[in-house]
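*Asks:* Just final38.pdb, nothing more (PDB, C-alpha atoms and all ligand atoms):
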ATOM      1  CA  MET A  27     -90.444  -3.937  74.327  1.00  0.00           C
ATOM      2  CA  SER A  28     -93.755  -5.438  75.303  1.00  0.00           C
ATOM      3  CA  ALA A  29     -96.887  -4.157  73.655  1.00  0.00           C
ATOM      4  CA  GLN A  30     -98.924  -2.130  76.100  1.00  0.00           C
ATOM      5  CA  HIS A  31    -102.509  -2.714  75.326  1.00  0.00           C
ATOM      6  CA  CYS A  32    -104.451   0.331  76.246  1.00  0.00           C
ATOM      7  CA  GLU A  33    -108.050   1.339  75.784  1.00  0.00           C
ATOM      8  CA  ILE A  34    -110.036   4.202  77.200  1.00  0.00           C
ATOM      9  CA  SER A  35    -113.681   3.682  78.001  1.00  0.00           C
ATOM     10  CA  ASP A  36    -114.466   6.861  79.881  1.00  0.00           C
ATOM     11  CA  GLU A  37    -113.214  10.263  80.938  1.00  0.00           C
ATOM     12  CA  GLY A  38    -112.119   9.138  84.393  1.00  0.00           C
ATOM     13  CA  GLN A  39    -109.866   6.535  82.864  1.00  0.00           C
ATOM     14  CA  ALA A  40    -108.317   9.074  80.494  1.00  0.00           C
ATOM     15  CA  ILE A  41    -107.632  11.473  83.346  1.00  0.00           C
ATOM     16  CA  GLY A  42    -106.193   8.649  85.445  1.00  0.00           C
ATOM     17  CA  LEU A  43    -103.810   7.795  82.638  1.00  0.00           C
ATOM     18  CA  ILE A  44    -102.661  11.414  82.335  1.00  0.00           C
ATOM     19  CA  LEU A  45    -102.271  11.762  86.105  1.00  0.00           C
ATOM     20  CA  GLN A  46    -100.246   8.583  86.279  1.00  0.00           C
ATOM     21  CA  HIS A  47     -97.819  10.172  83.829  1.00  0.00           C
ATOM     22  CA  LEU A  48     -97.843  13.583  85.547  1.00  0.00           C
ATOM     23  CA  GLU A  49     -96.997  12.086  88.909  1.00  0.00           C
ATOM     24  CA  LYS A  50     -93.788  10.663  87.468  1.00  0.00           C
ATOM     25  CA  GLN A  51     -92.579  14.233  86.855  1.00  0.00           C
ATOM     26  CA  PHE A  52     -92.486  14.954  90.591  1.00  0.00           C
ATOM     27  CA  PRO A  53     -90.658  16.088  92.585  1.00  0.00           C
ATOM     28  CA  LYS A  54     -90.094  18.878  90.073  1.00  0.00           C
ATOM     29  CA  VAL A  55     -87.611  21.678  90.658  1.00  0.00           C
ATOM     30  CA  CYS A  56     -87.687  25.223  89.306  1.00  0.00           C
ATOM     31  CA  ALA A  57     -84.300  25.739  87.679  1.00  0.00           C
ATOM     32  CA  THR A  58     -84.363  29.455  88.477  1.00  0.00           C
ATOM     33  CA  CYS A  59     -85.288  29.653  92.148  1.00  0.00           C
ATOM     34  CA  ASP A  60     -84.741  26.007  93.182  1.00  0.00           C
ATOM     35  CA  ARG A  61     -88.272  25.760  94.510  1.00  0.00           C
ATOM     36  CA  ARG A  62     -89.094  22.080  94.802  1.00  0.00           C
ATOM     37  CA  PHE A  63     -92.614  20.923  94.003  1.00  0.00           C
ATOM     38  CA  HIS A  64     -93.135  17.620  95.753  1.00  0.00           C
ATOM     39  CA  THR A  65     -96.465  16.592  94.281  1.00  0.00           C
ATOM     40  CA  PRO A  66     -98.896  17.670  91.560  1.00  0.00           C
ATOM     41  CA  ARG A  67    -100.961  19.293  94.347  1.00  0.00           C
ATOM     42  CA  ASP A  68     -97.924  21.228  95.569  1.00  0.00           C
ATOM     43  CA  PHE A  69     -97.417  22.392  91.982  1.00  0.00           C
ATOM     44  CA  LEU A  70    -101.062  23.434  91.585  1.00  0.00           C
ATOM     45  CA  ASP A  71    -100.975  25.399  94.803  1.00  0.00           C
ATOM     46  CA  HIS A  72     -97.828  27.335  93.996  1.00  0.00           C
ATOM     47  CA  THR A  73     -97.906  27.994  90.271  1.00  0.00           C
ATOM     48  CA  VAL A  74    -100.253  29.831  87.933  1.00  0.00           C
ATOM     49  CA  PRO A  75    -101.338  28.223  84.651  1.00  0.00           C
ATOM     50  CA  VAL A  76    -100.155  30.110  81.592  1.00  0.00           C
ATOM     51  CA  GLY A  77    -101.778  29.855  78.186  1.00  0.00           C
ATOM     52  CA  GLU A  78    -103.548  26.741  77.087  1.00  0.00           C
ATOM     53  CA  LEU A  79    -102.787  23.070  77.118  1.00  0.00           C
ATOM     54  CA  VAL A  80    -101.327  22.456  73.683  1.00  0.00           C
ATOM     55  CA  CYS A  81    -101.101  19.197  71.824  1.00  0.00           C
ATOM     56  CA  TYR A  82     -98.827  19.793  68.877  1.00  0.00           C
ATOM     57  CA  ASP A  83     -99.890  16.694  66.997  1.00  0.00           C
ATOM     58  CA  LEU A  84    -103.453  17.929  66.669  1.00  0.00           C
ATOM     59  CA  ASN A  85    -102.311  20.571  64.219  1.00  0.00           C
ATOM     60  CA  GLY A  86    -100.435  18.017  62.140  1.00  0.00           C
ATOM     61  CA  THR A  87    -101.745  16.032  59.247  1.00  0.00           C
ATOM     62  CA  ASP A  88    -101.201  12.536  60.539  1.00  0.00           C
ATOM     63  CA  ALA A  89    -103.185  11.618  63.602  1.00  0.00           C
ATOM     64  CA  ILE A  90    -100.925   8.897  64.873  1.00  0.00           C
ATOM     65  CA  ALA A  91     -97.236   9.495  64.454  1.00  0.00           C
ATOM     66  CA  ASP A  92     -94.618   7.027  65.599  1.00  0.00           C
ATOM     67  CA  LYS A  93     -92.822   9.937  67.188  1.00  0.00           C
ATOM     68  CA  PRO A  94     -95.560  12.287  68.319  1.00  0.00           C
ATOM     69  CA  LEU A  95     -94.579  15.864  69.085  1.00  0.00           C
ATOM     70  CA  GLY A  96     -96.508  15.606  72.309  1.00  0.00           C
ATOM     71  CA  ALA A  97     -98.466  17.895  74.554  1.00  0.00           C
ATOM     72  CA  VAL A  98     -97.347  20.624  76.916  1.00  0.00           C
ATOM     73  CA  ALA A  99     -98.949  22.692  79.672  1.00  0.00           C
ATOM     74  CA  LEU A 100     -97.110  25.759  80.957  1.00  0.00           C
ATOM     75  CA  SER A 101     -97.284  27.303  84.415  1.00  0.00           C
ATOM     76  CA  ASN A 102     -95.496  30.188  86.062  1.00  0.00           C
ATOM     77  CA  CYS A 103     -93.492  29.680  89.225  1.00  0.00           C
ATOM     78  CA  ARG A 104     -93.767  32.405  91.842  1.00  0.00           C
ATOM     79  CA  CYS A 105     -90.308  33.597  90.823  1.00  0.00           C
ATOM     80  CA  GLY A 106     -91.682  34.325  87.345  1.00  0.00           C
ATOM     81  CA  SER A 107     -90.047  31.430  85.503  1.00  0.00           C
ATOM     82  CA  THR A 108     -92.173  29.268  83.252  1.00  0.00           C
ATOM     83  CA  LEU A 109     -92.335  25.567  84.041  1.00  0.00           C
ATOM     84  CA  ALA A 110     -93.576  22.938  81.614  1.00  0.00           C
ATOM     85  CA  LEU A 111     -95.397  19.710  82.221  1.00  0.00           C
ATOM     86  CA  THR A 112     -95.167  17.595  79.097  1.00  0.00           C
ATOM     87  CA  SER A 113     -96.139  14.249  77.667  1.00  0.00           C
ATOM     88  CA  THR A 114     -92.469  13.408  77.198  1.00  0.00           C
ATOM     89  CA  GLY A 115     -91.760   9.938  78.505  1.00  0.00           C
ATOM     90  CA  MET A 116     -95.344   8.762  78.328  1.00  0.00           C
ATOM     91  CA  PRO A 117     -95.533   5.297  76.737  1.00  0.00           C
ATOM     92  CA  LEU A 118     -96.347   5.718  73.044  1.00  0.00           C
ATOM     93  CA  ALA A 119     -99.356   3.401  73.308  1.00  0.00           C
ATOM     94  CA  HIS A 120    -100.810   5.580  76.074  1.00  0.00           C
ATOM     95  CA  PHE A 121    -100.224   8.782  74.160  1.00  0.00           C
ATOM     96  CA  GLN A 122    -101.772   7.423  70.982  1.00  0.00           C
ATOM     97  CA  THR A 123    -104.780   6.055  72.830  1.00  0.00           C
ATOM     98  CA  LEU A 124    -105.323   9.381  74.592  1.00  0.00           C
ATOM     99  CA  PHE A 125    -104.856  11.196  71.310  1.00  0.00           C
ATOM    100  CA  GLN A 126    -107.525   9.105  69.615  1.00  0.00           C
ATOM    101  CA  TRP A 127    -109.818   9.451  72.590  1.00  0.00           C
ATOM    102  CA  VAL A 128    -109.504  13.264  72.590  1.00  0.00           C
ATOM    103  CA  GLN A 129    -110.349  13.361  68.896  1.00  0.00           C
ATOM    104  CA  SER A 130    -113.340  11.044  69.092  1.00  0.00           C
ATOM    105  CA  GLU A 131    -114.666  12.512  72.358  1.00  0.00           C
ATOM    106  CA  SER A 132    -114.477  16.103  71.140  1.00  0.00           C
ATOM    107  CA  ALA A 133    -116.329  15.070  67.966  1.00  0.00           C
ATOM    108  CA  ARG A 134    -118.938  13.177  69.980  1.00  0.00           C
ATOM    109  CA  ARG A 135    -119.479  16.200  72.263  1.00  0.00           C
ATOM    110  CA  SER A 136    -119.495  18.598  69.315  1.00  0.00           C
ATOM    111  CA  VAL A 137    -116.728  20.773  70.753  1.00  0.00           C
ATOM    112  CA  SER A 138    -113.438  21.780  69.198  1.00  0.00           C
ATOM    113  CA  VAL A 139    -110.380  19.733  70.109  1.00  0.00           C
ATOM    114  CA  ASP A 140    -108.802  22.840  71.646  1.00  0.00           C
ATOM    115  CA  ASP A 141    -111.826  23.504  73.835  1.00  0.00           C
ATOM    116  CA  PHE A 142    -111.908  19.888  74.869  1.00  0.00           C
ATOM    117  CA  LEU A 143    -108.222  19.984  75.861  1.00  0.00           C
ATOM    118  CA  GLN A 144    -108.865  22.992  78.110  1.00  0.00           C
ATOM    119  CA  TYR A 145    -111.780  21.133  79.654  1.00  0.00           C
ATOM    120  CA  ILE A 146    -109.514  18.134  80.292  1.00  0.00           C
ATOM    121  CA  ARG A 147    -106.899  20.391  81.875  1.00  0.00           C
ATOM    122  CA  ARG A 148    -109.538  21.712  84.291  1.00  0.00           C
ATOM    123  CA  GLN A 149    -110.700  18.181  85.070  1.00  0.00           C
ATOM    124  CA  ILE A 150    -107.131  17.100  85.776  1.00  0.00           C
ATOM    125  CA  ARG A 151    -106.716  19.996  88.220  1.00  0.00           C
ATOM    126  CA  ARG A 152    -109.968  19.034  89.931  1.00  0.00           C
ATOM    127  CA  GLU A 153    -108.907  15.410  90.188  1.00  0.00           C
ATOM    128  CA  ILE A 154    -105.526  16.376  91.698  1.00  0.00           C
ATOM    129  CA  LEU A 155    -107.339  18.474  94.313  1.00  0.00           C
ATOM    130  CA  ARG A 156    -109.844  15.695  95.000  1.00  0.00           C
ATOM    131  CA  ARG A 157    -107.172  13.032  95.431  1.00  0.00           C
ATOM    132  CA  SER A 158    -105.006  15.133  97.703  1.00  0.00           C
ATOM    133  CA  ASP A 159    -108.029  16.122  99.792  1.00  0.00           C
ATOM    134  CA  LEU A 160    -108.859  12.451 100.254  1.00  0.00           C
ATOM    135  CA  SER A 161    -105.389  11.738 101.629  1.00  0.00           C
ATOM    136  CA  GLY A 162    -105.015  15.186 103.219  1.00  0.00           C
ATOM    137  CA  ARG A 163    -105.432  14.090 106.807  1.00  0.00           C
ATOM    138  CA  ARG A 164    -102.730  11.482 106.512  1.00  0.00           C
ATOM    139  CA  GLU A 165    -100.285  13.799 104.737  1.00  0.00           C
ATOM    140  CA  SER A 166    -100.785  16.792 106.999  1.00  0.00           C
ATOM    141  CA  THR A 167     -99.392  14.883 109.958  1.00  0.00           C
ATOM    142  CA  SER A 168     -96.306  13.853 108.018  1.00  0.00           C
ATOM    143  CA  LEU A 169     -95.549  17.472 107.130  1.00  0.00           C
ATOM    144  CA  PHE A 170     -94.086  17.902 110.571  1.00  0.00           C
ATOM    145  CA  ARG A 171     -91.715  15.029 110.122  1.00  0.00           C
ATOM    146  CA  ARG A 172     -89.631  16.309 107.281  1.00  0.00           C
ATOM    147  CA  GLY A 173     -86.826  13.863 107.951  1.00  0.00           C
ATOM    148  CA  SER A 174     -88.930  10.854 107.073  1.00  0.00           C
ATOM    149  CA  SER A 175     -90.057  11.669 103.573  1.00  0.00           C
ATOM    150  CA  MET A 176     -92.631   9.308 102.209  1.00  0.00           C
ATOM    151  CA  GLN A 177     -91.412   9.860  98.705  1.00  0.00           C
ATOM    152  CA  ALA A 178     -88.399   8.149  97.222  1.00  0.00           C
ATOM    153  CA  GLU A 179     -86.085  10.816  95.924  1.00  0.00           C
ATOM    154  CA  PRO A 180     -84.291  10.005  92.686  1.00  0.00           C
TER     155      PRO A 180
HETATM  156 ZN    ZN A 201     -89.059  29.499  90.465  1.00  0.00          ZN
END
As a first step, turn the structure in this file into structure tokens.
Ligand SMILES: [Zn+2]
*Replies:*
Amino acid sequence: MSAQHCEISDEGQAIGLILQHLEKQFPKVCATCDRRFHTPRDFLDHTVPVGELVCYDLNGTDAIADKPLGAVALSNCRCGSTLALTSTGMPLAHFQTLFQWVQSESARRSVSVDDFLQYIRRQIRREILRRSDLSGRRESTSLFRRGSSMQAEP
């Protein structure tokens, strides 16, 4: 396995790294009602966030574990089921870099790590909305051509 060098210099880069991982979890399907969420924007529009973004490792003693417990954000589908977006599958180097960044940034801003995570969650939602608004015109025309999906289905 090649070493993935990874450094974060600002907030935008951190959010980009998280989004890059989130996008790999789509399309996402609700196991209860079979609702298919095609994109992060689709997910944002049709689910309600539940609780807080939790990073389990932040409550642990060792900052950088070889097998981090990860982070999870829960949302409710319209059918009432809870869906999870997690850090599972994120390259370890990315997770560790983000982890260190969250710790140093929250200290630098004099906020608690938990508060900073909720702030990041809000920023991620804003960035998803911003990105999909930028490409909105192009995608709205393709909505009427359901046969020719732009996304590769697994
Ligand atoms: Zn559902």
*Asks:* Taking only C-alpha atoms into account, name the residue in A:Arg156, A:Lys93, A:Arg61, A:Arg104 that is nearest to Phe121 of chain A.
*Replies:*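 Residue with the minimum atom-to-atom distance to Phe121 of chain A: A:Lys93.
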*Asks:* Kindly resolve the PyMOL selection byres (((chain A and resi 149) around 12) and not hetatm) on the present coordinates and return the residues as number ranges by chain.
*Replies:* A: 37-42, 44-45, 142-148, 150-156
*Asks:* Please determine an axis-aligned box that encloses all atoms of segment 103-107 of chain A listed in the file, with 5 Å added on each side, and express its centre and edge lengths in Å to one decimal as JSON.
*Replies:*
{"center_x": -91.9, "center_y": 32.0, "center_z": 88.7, "size_x": 13.7, "size_y": 14.6, "size_z": 16.3}
*Asks:* Counting all atoms listed in the file, what are the residues, protein, DNA or RNA alike, that approach ligand ZN 201 (chain A) to within 7 Å? I want them as a PyMOL selection string.
*Replies:* chain A and resi 56-61+103-107
*Asks:* Based on the selection just made, write C-alpha atoms of those residues as a PDB file, in the frame of the given file.
*Replies:*
ATOM      1  CA  CYS A  56     -87.687  25.223  89.306  1.00  0.00           C
ATOM      2  CA  ALA A  57     -84.300  25.739  87.679  1.00  0.00           C
ATOM      3  CA  THR A  58     -84.363  29.455  88.477  1.00  0.00           C
ATOM      4  CA  CYS A  59     -85.288  29.653  92.148  1.00  0.00           C
ATOM      5  CA  ASP A  60     -84.741  26.007  93.182  1.00  0.00           C
ATOM      6  CA  ARG A  61     -88.272  25.760  94.510  1.00  0.00           C
ATOM      7  CA  CYS A 103     -93.492  29.680  89.225  1.00  0.00           C
ATOM      8  CA  ARG A 104     -93.767  32.405  91.842  1.00  0.00           C
ATOM      9  CA  CYS A 105     -90.308  33.597  90.823  1.00  0.00           C
ATOM     10  CA  GLY A 106     -91.682  34.325  87.345  1.00  0.00           C
ATOM     11  CA  SER A 107     -90.047  31.430  85.503  1.00  0.00           C
TER      12      SER A 107
END
*Asks:* Taking all atoms listed in the file into account, name the residue in A:Pro94, A:Asp68, A:Glu78, A:Arg62 that is nearest to Pro117 of chain A.
*Replies:* A:Pro94
*Asks:* Please identify all polymer residues within 12 Å of Gln51 of chain A, counting only C-alpha atoms, omitting same-chain residues fewer than 6 positions from it, and present them as a PyMOL selection string.
*Replies:* chain A and resi 44-45+62-66+69+109-116+179-180
*Asks:* Please measure the separation of atom CA of Ile34 of chain A and atom CA of Gln126 of chain A, giving the value in Å to one decimal.
*Replies:*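 That distance, rounded to one decimal, is 9.4 Å.
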*Asks:* Could you state the separation of atom CA of Leu48 of chain A and atom CA of Ser136 of chain A in Å, given to one decimal place?
*Replies:* 27.5 Å
*Asks:* Using the chain letters and numbers from the file, which residues does the PyMOL selection byres (((chain A and resi 97) around 8) and not hetatm) grab, as a ChimeraX atom specification?
*Replies:* /A:79-83,95-96,98-99,112-114
*Asks:* Would you compute the distance between atom CA of Thr73 of chain A and atom CA of Asn102 of chain A? Give it in Å to one decimal.
*Replies:*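 Atom-to-atom, atom CA of Thr73 of chain A to atom CA of Asn102 of chain A, that is 5.3 Å.
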*Asks:* Hey, which of A:Val55, A:Asp36, A:Glu49, A:Thr123 ends up closest to Arg67 of chain A? Count all atoms listed in the file.
*Replies:* A:Glu49
